[in-house]
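Here is protein_36.txt, consisting of compact mmCIF, N, CA, C and O atoms:
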```txt
# COMPACT_ATOMS: atom_id res chain seq x y z
N MET A 1 0.85 -1.18 0.00
CA MET A 1 0.00 0.00 0.00
C MET A 1 0.89 1.24 0.00
O MET A 1 1.75 1.40 0.85
N GLU A 2 0.66 2.08 -0.97
CA GLU A 2 1.47 3.30 -1.07
C GLU A 2 0.93 4.36 -0.13
O GLU A 2 -0.27 4.49 0.09
N LYS A 3 1.85 5.11 0.45
CA LYS A 3 1.46 6.19 1.35
C LYS A 3 1.17 7.43 0.51
O LYS A 3 2.02 7.89 -0.24
N LYS A 4 -0.03 7.93 0.63
CA LYS A 4 -0.41 9.10 -0.15
C LYS A 4 0.05 10.35 0.55
O LYS A 4 0.23 10.39 1.75
N LYS A 5 0.24 11.42 -0.24
CA LYS A 5 0.84 12.64 0.28
C LYS A 5 -0.09 13.38 1.25
O LYS A 5 0.36 13.89 2.27
N GLY A 6 -1.37 13.45 0.97
CA GLY A 6 -2.27 14.24 1.81
C GLY A 6 -3.10 13.42 2.77
O GLY A 6 -4.18 13.84 3.16
N MET A 7 -2.61 12.25 3.16
CA MET A 7 -3.42 11.38 4.00
C MET A 7 -3.52 11.89 5.44
O MET A 7 -4.60 11.89 6.02
N ILE A 8 -2.41 12.33 6.01
CA ILE A 8 -2.41 12.81 7.40
C ILE A 8 -3.28 14.06 7.56
O ILE A 8 -4.12 14.11 8.46
N PRO A 9 -3.13 15.09 6.71
CA PRO A 9 -4.01 16.26 6.87
C PRO A 9 -5.49 15.92 6.67
O PRO A 9 -6.35 16.49 7.35
N SER A 10 -5.78 14.99 5.78
CA SER A 10 -7.18 14.65 5.56
C SER A 10 -7.75 13.89 6.76
O SER A 10 -8.91 14.07 7.11
N ILE A 11 -6.94 13.06 7.41
CA ILE A 11 -7.40 12.37 8.62
C ILE A 11 -7.64 13.37 9.74
O ILE A 11 -8.66 13.29 10.44
N ILE A 12 -6.75 14.34 9.90
CA ILE A 12 -6.91 15.36 10.94
C ILE A 12 -8.14 16.20 10.67
O ILE A 12 -8.96 16.45 11.55
N PHE A 13 -8.31 16.64 9.41
CA PHE A 13 -9.46 17.47 9.05
C PHE A 13 -10.76 16.70 9.21
O PHE A 13 -11.75 17.23 9.72
N GLY A 14 -10.77 15.45 8.84
CA GLY A 14 -11.97 14.62 8.98
C GLY A 14 -12.34 14.39 10.43
O GLY A 14 -13.52 14.40 10.79
N SER A 15 -11.33 14.19 11.27
CA SER A 15 -11.62 13.97 12.69
C SER A 15 -12.13 15.25 13.34
O SER A 15 -13.00 15.20 14.22
N ILE A 16 -11.63 16.40 12.91
CA ILE A 16 -12.13 17.68 13.45
C ILE A 16 -13.59 17.88 13.06
O ILE A 16 -14.41 18.28 13.89
N ILE A 17 -13.92 17.57 11.83
CA ILE A 17 -15.31 17.70 11.37
C ILE A 17 -16.20 16.72 12.14
O ILE A 17 -17.29 17.08 12.58
N LEU A 18 -15.74 15.49 12.32
CA LEU A 18 -16.53 14.50 13.04
C LEU A 18 -16.77 14.91 14.49
O LEU A 18 -17.88 14.80 15.01
N LEU A 19 -15.73 15.40 15.16
CA LEU A 19 -15.89 15.85 16.55
C LEU A 19 -16.82 17.05 16.67
O LEU A 19 -17.60 17.14 17.62
N SER A 20 -16.75 17.97 15.71
CA SER A 20 -17.64 19.12 15.78
C SER A 20 -19.09 18.71 15.54
O SER A 20 -20.00 19.25 16.17
N ILE A 21 -19.32 17.74 14.66
CA ILE A 21 -20.69 17.25 14.44
C ILE A 21 -21.20 16.55 15.69
O ILE A 21 -22.35 16.73 16.10
N LEU A 22 -20.35 15.75 16.35
CA LEU A 22 -20.76 15.08 17.58
C LEU A 22 -21.07 16.08 18.69
O LEU A 22 -22.04 15.93 19.42
N ALA A 23 -20.24 17.12 18.83
CA ALA A 23 -20.49 18.14 19.85
C ALA A 23 -21.77 18.90 19.56
O ALA A 23 -22.55 19.20 20.47
N LEU A 24 -22.02 19.19 18.29
CA LEU A 24 -23.24 19.90 17.92
C LEU A 24 -24.48 19.08 18.22
O LEU A 24 -25.46 19.59 18.79
N THR A 25 -24.46 17.80 17.90
CA THR A 25 -25.62 16.95 18.20
C THR A 25 -25.80 16.79 19.71
O THR A 25 -26.93 16.75 20.19
N PHE A 26 -24.70 16.74 20.47
CA PHE A 26 -24.81 16.65 21.93
C PHE A 26 -25.49 17.88 22.49
O PHE A 26 -26.38 17.78 23.34
N PHE A 27 -25.10 19.07 22.02
CA PHE A 27 -25.70 20.29 22.54
C PHE A 27 -27.13 20.48 22.06
O PHE A 27 -27.94 21.09 22.75
N ILE A 28 -27.46 19.95 20.90
CA ILE A 28 -28.85 20.03 20.42
C ILE A 28 -29.73 19.13 21.28
O ILE A 28 -30.83 19.52 21.68
N LEU A 29 -29.25 17.93 21.59
CA LEU A 29 -30.06 16.99 22.35
C LEU A 29 -30.13 17.34 23.83
O LEU A 29 -31.15 17.14 24.48
N ASN A 30 -29.03 17.85 24.41
CA ASN A 30 -28.98 18.13 25.84
C ASN A 30 -28.94 19.62 26.15
O ASN A 30 -28.60 20.00 27.26
N GLY A 31 -29.28 20.46 25.19
CA GLY A 31 -29.17 21.90 25.38
C GLY A 31 -30.10 22.44 26.45
O GLY A 31 -29.73 23.34 27.20
N GLU A 32 -31.30 21.89 26.52
CA GLU A 32 -32.25 22.41 27.49
C GLU A 32 -31.82 22.12 28.92
O GLU A 32 -31.94 22.97 29.80
N SER A 33 -31.29 20.93 29.16
CA SER A 33 -30.83 20.62 30.51
C SER A 33 -29.60 21.43 30.89
O SER A 33 -29.44 21.82 32.05
N ILE A 34 -28.75 21.74 29.92
CA ILE A 34 -27.58 22.58 30.19
C ILE A 34 -28.04 24.00 30.55
O ILE A 34 -27.53 24.62 31.49
N LEU A 35 -29.01 24.52 29.79
CA LEU A 35 -29.53 25.86 30.09
C LEU A 35 -30.20 25.91 31.45
O LEU A 35 -30.07 26.90 32.17
N GLU A 36 -30.91 24.87 31.81
CA GLU A 36 -31.55 24.82 33.14
C GLU A 36 -30.49 24.82 34.24
O GLU A 36 -30.66 25.46 35.27
N GLY A 37 -29.40 24.10 34.03
CA GLY A 37 -28.32 24.09 35.01
C GLY A 37 -27.67 25.45 35.16
O GLY A 37 -27.34 25.88 36.27
N ILE A 38 -27.52 26.15 34.06
CA ILE A 38 -26.94 27.50 34.12
C ILE A 38 -27.89 28.44 34.84
O ILE A 38 -27.49 29.23 35.69
N LYS A 39 -29.19 28.36 34.52
CA LYS A 39 -30.17 29.23 35.19
C LYS A 39 -30.24 28.93 36.67
O LYS A 39 -30.33 29.85 37.49
N ASP A 40 -30.18 27.67 37.05
CA ASP A 40 -30.22 27.31 38.47
C ASP A 40 -28.98 27.83 39.20
O ASP A 40 -29.06 28.21 40.35
N GLY A 41 -27.86 27.86 38.52
CA GLY A 41 -26.64 28.36 39.13
C GLY A 41 -26.70 29.84 39.41
O GLY A 41 -26.19 30.33 40.41
N PHE A 42 -27.37 30.59 38.52
CA PHE A 42 -27.45 32.03 38.70
C PHE A 42 -28.58 32.45 39.62
O PHE A 42 -28.56 33.55 40.15
N THR A 43 -29.57 31.60 39.82
CA THR A 43 -30.70 31.99 40.65
C THR A 43 -30.68 31.33 42.02
O THR A 43 -31.70 31.22 42.66
N ASP A 44 -29.51 30.88 42.44
CA ASP A 44 -29.40 30.31 43.78
C ASP A 44 -29.68 31.40 44.82
O ASP A 44 -29.27 32.54 44.67
N ASN A 45 -30.36 31.05 45.88
CA ASN A 45 -30.68 32.00 46.92
C ASN A 45 -29.65 32.01 48.05
O ASN A 45 -29.94 32.44 49.14
N VAL A 46 -28.47 31.55 47.76
CA VAL A 46 -27.40 31.54 48.75
C VAL A 46 -26.74 32.92 48.74
O VAL A 46 -26.30 33.40 47.71
N SER A 47 -26.71 33.55 49.91
CA SER A 47 -26.11 34.88 49.96
C SER A 47 -24.59 34.78 50.03
O SER A 47 -24.04 33.91 50.69
N ILE A 48 -23.95 35.70 49.35
CA ILE A 48 -22.50 35.74 49.34
C ILE A 48 -22.07 36.90 50.23
O ILE A 48 -22.44 38.05 49.98
N SER A 49 -21.32 36.60 51.25
CA SER A 49 -20.88 37.66 52.16
C SER A 49 -19.44 38.04 51.82
O SER A 49 -18.60 37.21 51.55
N VAL A 50 -19.20 39.36 51.85
CA VAL A 50 -17.88 39.88 51.57
C VAL A 50 -17.31 40.40 52.86
O VAL A 50 -17.92 41.23 53.54
N LYS A 51 -16.11 39.92 53.20
CA LYS A 51 -15.47 40.38 54.44
C LYS A 51 -14.71 41.67 54.17
O LYS A 51 -13.95 41.78 53.23
N GLU A 52 -14.97 42.65 55.04
CA GLU A 52 -14.25 43.92 54.91
C GLU A 52 -13.11 43.94 55.90
O GLU A 52 -13.23 43.47 57.02
N LYS A 53 -11.99 44.53 55.48
CA LYS A 53 -10.82 44.61 56.36
C LYS A 53 -10.79 45.92 57.10
O LYS A 53 -11.17 46.93 56.67
```
Translate the structure described by the file into structure tokens.
Amino acid sequence: MEKKKGMIPSIIFGSIILLSILALTFFILNGESILEGIKDGFTDNVSISVKEK
């Protein structure tokens, strides 16, 4: 089997495209639960006290 000249860049580029498609589908399917987690984090009723010197 002959080694082709552009095989390594095409493998890297293909894997980047595949990972971005997987990340996009993950965020589409689980986006609502992620947004709920972010909203819950910002609307916590825990008071933050600042110590003055």
How many Å lie between atom CA of A:Ile8 and atom CA of A:Ala23, rounded to one decimal? 22.6 Å
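The coordinates place atom O of A:Leu22 at 17.7 Å from atom N of A:Glu36.
Distance-wise, atom CA of A:Met7 and atom CA of A:Ser20 end up 20.0 Å apart.
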Report as lines of an AutoDock Vina configuration file the centre and the edge lengths, in Å to one decimal, of the axis-aligned box holding every listed atom of stretch 7-10 of chain A, padded by 6 Å on each side.
```
center_x = -5.7
center_y = 13.9
center_z = 5.8
size_x = 18.5
size_y = 17.1
size_z = 17.3
```
Could I get stretch 11-22 of chain A rebuilt with all heavy atoms, written as an mmCIF file, in the frame of the given file?
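After the write, out_13.cif holds the following:
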```cif
data_model
loop_
_atom_site.group_PDB
_atom_site.id
_atom_site.type_symbol
_atom_site.label_atom_id
_atom_site.label_comp_id
_atom_site.auth_asym_id
_atom_site.auth_seq_id
_atom_site.Cartn_x
_atom_site.Cartn_y
_atom_site.Cartn_z
ATOM 1 N N ILE A 11 -6.940 13.060 7.410
ATOM 2 C CA ILE A 11 -7.400 12.370 8.620
ATOM 3 C C ILE A 11 -7.640 13.370 9.740
ATOM 4 O O ILE A 11 -8.660 13.290 10.440
ATOM 5 C CB ILE A 11 -6.366 11.301 9.046
ATOM 6 C CG1 ILE A 11 -6.381 10.140 8.054
ATOM 7 C CG2 ILE A 11 -6.651 10.804 10.456
ATOM 8 C CD1 ILE A 11 -5.296 9.119 8.297
ATOM 9 N N ILE A 12 -6.750 14.340 9.900
ATOM 10 C CA ILE A 12 -6.910 15.360 10.940
ATOM 11 C C ILE A 12 -8.140 16.200 10.670
ATOM 12 O O ILE A 12 -8.960 16.450 11.550
ATOM 13 C CB ILE A 12 -5.640 16.239 11.029
ATOM 14 C CG1 ILE A 12 -4.476 15.404 11.541
ATOM 15 C CG2 ILE A 12 -5.870 17.456 11.911
ATOM 16 C CD1 ILE A 12 -3.145 16.107 11.465
ATOM 17 N N PHE A 13 -8.310 16.640 9.410
ATOM 18 C CA PHE A 13 -9.460 17.470 9.050
ATOM 19 C C PHE A 13 -10.760 16.700 9.210
ATOM 20 O O PHE A 13 -11.750 17.230 9.720
ATOM 21 C CB PHE A 13 -9.296 17.953 7.606
ATOM 22 C CG PHE A 13 -10.347 18.929 7.175
ATOM 23 C CD1 PHE A 13 -10.401 20.199 7.733
ATOM 24 C CD2 PHE A 13 -11.279 18.578 6.212
ATOM 25 C CE1 PHE A 13 -11.367 21.096 7.334
ATOM 26 C CE2 PHE A 13 -12.252 19.473 5.815
ATOM 27 C CZ PHE A 13 -12.289 20.734 6.369
ATOM 28 N N GLY A 14 -10.770 15.450 8.840
ATOM 29 C CA GLY A 14 -11.970 14.620 8.980
ATOM 30 C C GLY A 14 -12.340 14.390 10.430
ATOM 31 O O GLY A 14 -13.520 14.400 10.790
ATOM 32 N N SER A 15 -11.330 14.190 11.270
ATOM 33 C CA SER A 15 -11.620 13.970 12.690
ATOM 34 C C SER A 15 -12.130 15.250 13.340
ATOM 35 O O SER A 15 -13.000 15.200 14.220
ATOM 36 C CB SER A 15 -10.384 13.448 13.412
ATOM 37 O OG SER A 15 -9.348 14.397 13.360
ATOM 38 N N ILE A 16 -11.630 16.400 12.910
ATOM 39 C CA ILE A 16 -12.130 17.680 13.450
ATOM 40 C C ILE A 16 -13.590 17.880 13.060
ATOM 41 O O ILE A 16 -14.410 18.280 13.890
ATOM 42 C CB ILE A 16 -11.248 18.856 12.962
ATOM 43 C CG1 ILE A 16 -9.890 18.803 13.648
ATOM 44 C CG2 ILE A 16 -11.926 20.200 13.225
ATOM 45 C CD1 ILE A 16 -8.892 19.795 13.113
ATOM 46 N N ILE A 17 -13.920 17.570 11.830
ATOM 47 C CA ILE A 17 -15.310 17.700 11.370
ATOM 48 C C ILE A 17 -16.200 16.720 12.140
ATOM 49 O O ILE A 17 -17.290 17.080 12.580
ATOM 50 C CB ILE A 17 -15.403 17.465 9.857
ATOM 51 C CG1 ILE A 17 -14.775 18.641 9.112
ATOM 52 C CG2 ILE A 17 -16.849 17.287 9.416
ATOM 53 C CD1 ILE A 17 -14.743 18.471 7.624
ATOM 54 N N LEU A 18 -15.740 15.490 12.320
ATOM 55 C CA LEU A 18 -16.530 14.500 13.040
ATOM 56 C C LEU A 18 -16.770 14.910 14.490
ATOM 57 O O LEU A 18 -17.880 14.800 15.010
ATOM 58 C CB LEU A 18 -15.827 13.144 12.981
ATOM 59 C CG LEU A 18 -16.553 11.969 13.616
ATOM 60 C CD1 LEU A 18 -17.849 11.698 12.862
ATOM 61 C CD2 LEU A 18 -15.688 10.739 13.610
ATOM 62 N N LEU A 19 -15.730 15.400 15.160
ATOM 63 C CA LEU A 19 -15.890 15.850 16.550
ATOM 64 C C LEU A 19 -16.820 17.050 16.670
ATOM 65 O O LEU A 19 -17.600 17.140 17.620
ATOM 66 C CB LEU A 19 -14.514 16.183 17.149
ATOM 67 C CG LEU A 19 -13.627 14.980 17.465
ATOM 68 C CD1 LEU A 19 -12.252 15.451 17.929
ATOM 69 C CD2 LEU A 19 -14.269 14.109 18.514
ATOM 70 N N SER A 20 -16.750 17.970 15.710
ATOM 71 C CA SER A 20 -17.640 19.120 15.780
ATOM 72 C C SER A 20 -19.090 18.710 15.540
ATOM 73 O O SER A 20 -20.000 19.250 16.170
ATOM 74 C CB SER A 20 -17.209 20.193 14.772
ATOM 75 O OG SER A 20 -17.284 19.680 13.454
ATOM 76 N N ILE A 21 -19.320 17.740 14.660
ATOM 77 C CA ILE A 21 -20.690 17.250 14.440
ATOM 78 C C ILE A 21 -21.200 16.550 15.690
ATOM 79 O O ILE A 21 -22.350 16.730 16.100
ATOM 80 C CB ILE A 21 -20.736 16.320 13.211
ATOM 81 C CG1 ILE A 21 -20.537 17.133 11.940
ATOM 82 C CG2 ILE A 21 -22.052 15.560 13.147
ATOM 83 C CD1 ILE A 21 -20.384 16.295 10.699
ATOM 84 N N LEU A 22 -20.350 15.750 16.350
ATOM 85 C CA LEU A 22 -20.760 15.080 17.580
ATOM 86 C C LEU A 22 -21.070 16.080 18.690
ATOM 87 O O LEU A 22 -22.040 15.930 19.420
ATOM 88 C CB LEU A 22 -19.676 14.103 18.033
ATOM 89 C CG LEU A 22 -19.525 12.839 17.186
ATOM 90 C CD1 LEU A 22 -18.315 12.045 17.649
ATOM 91 C CD2 LEU A 22 -20.776 12.000 17.257
#
```
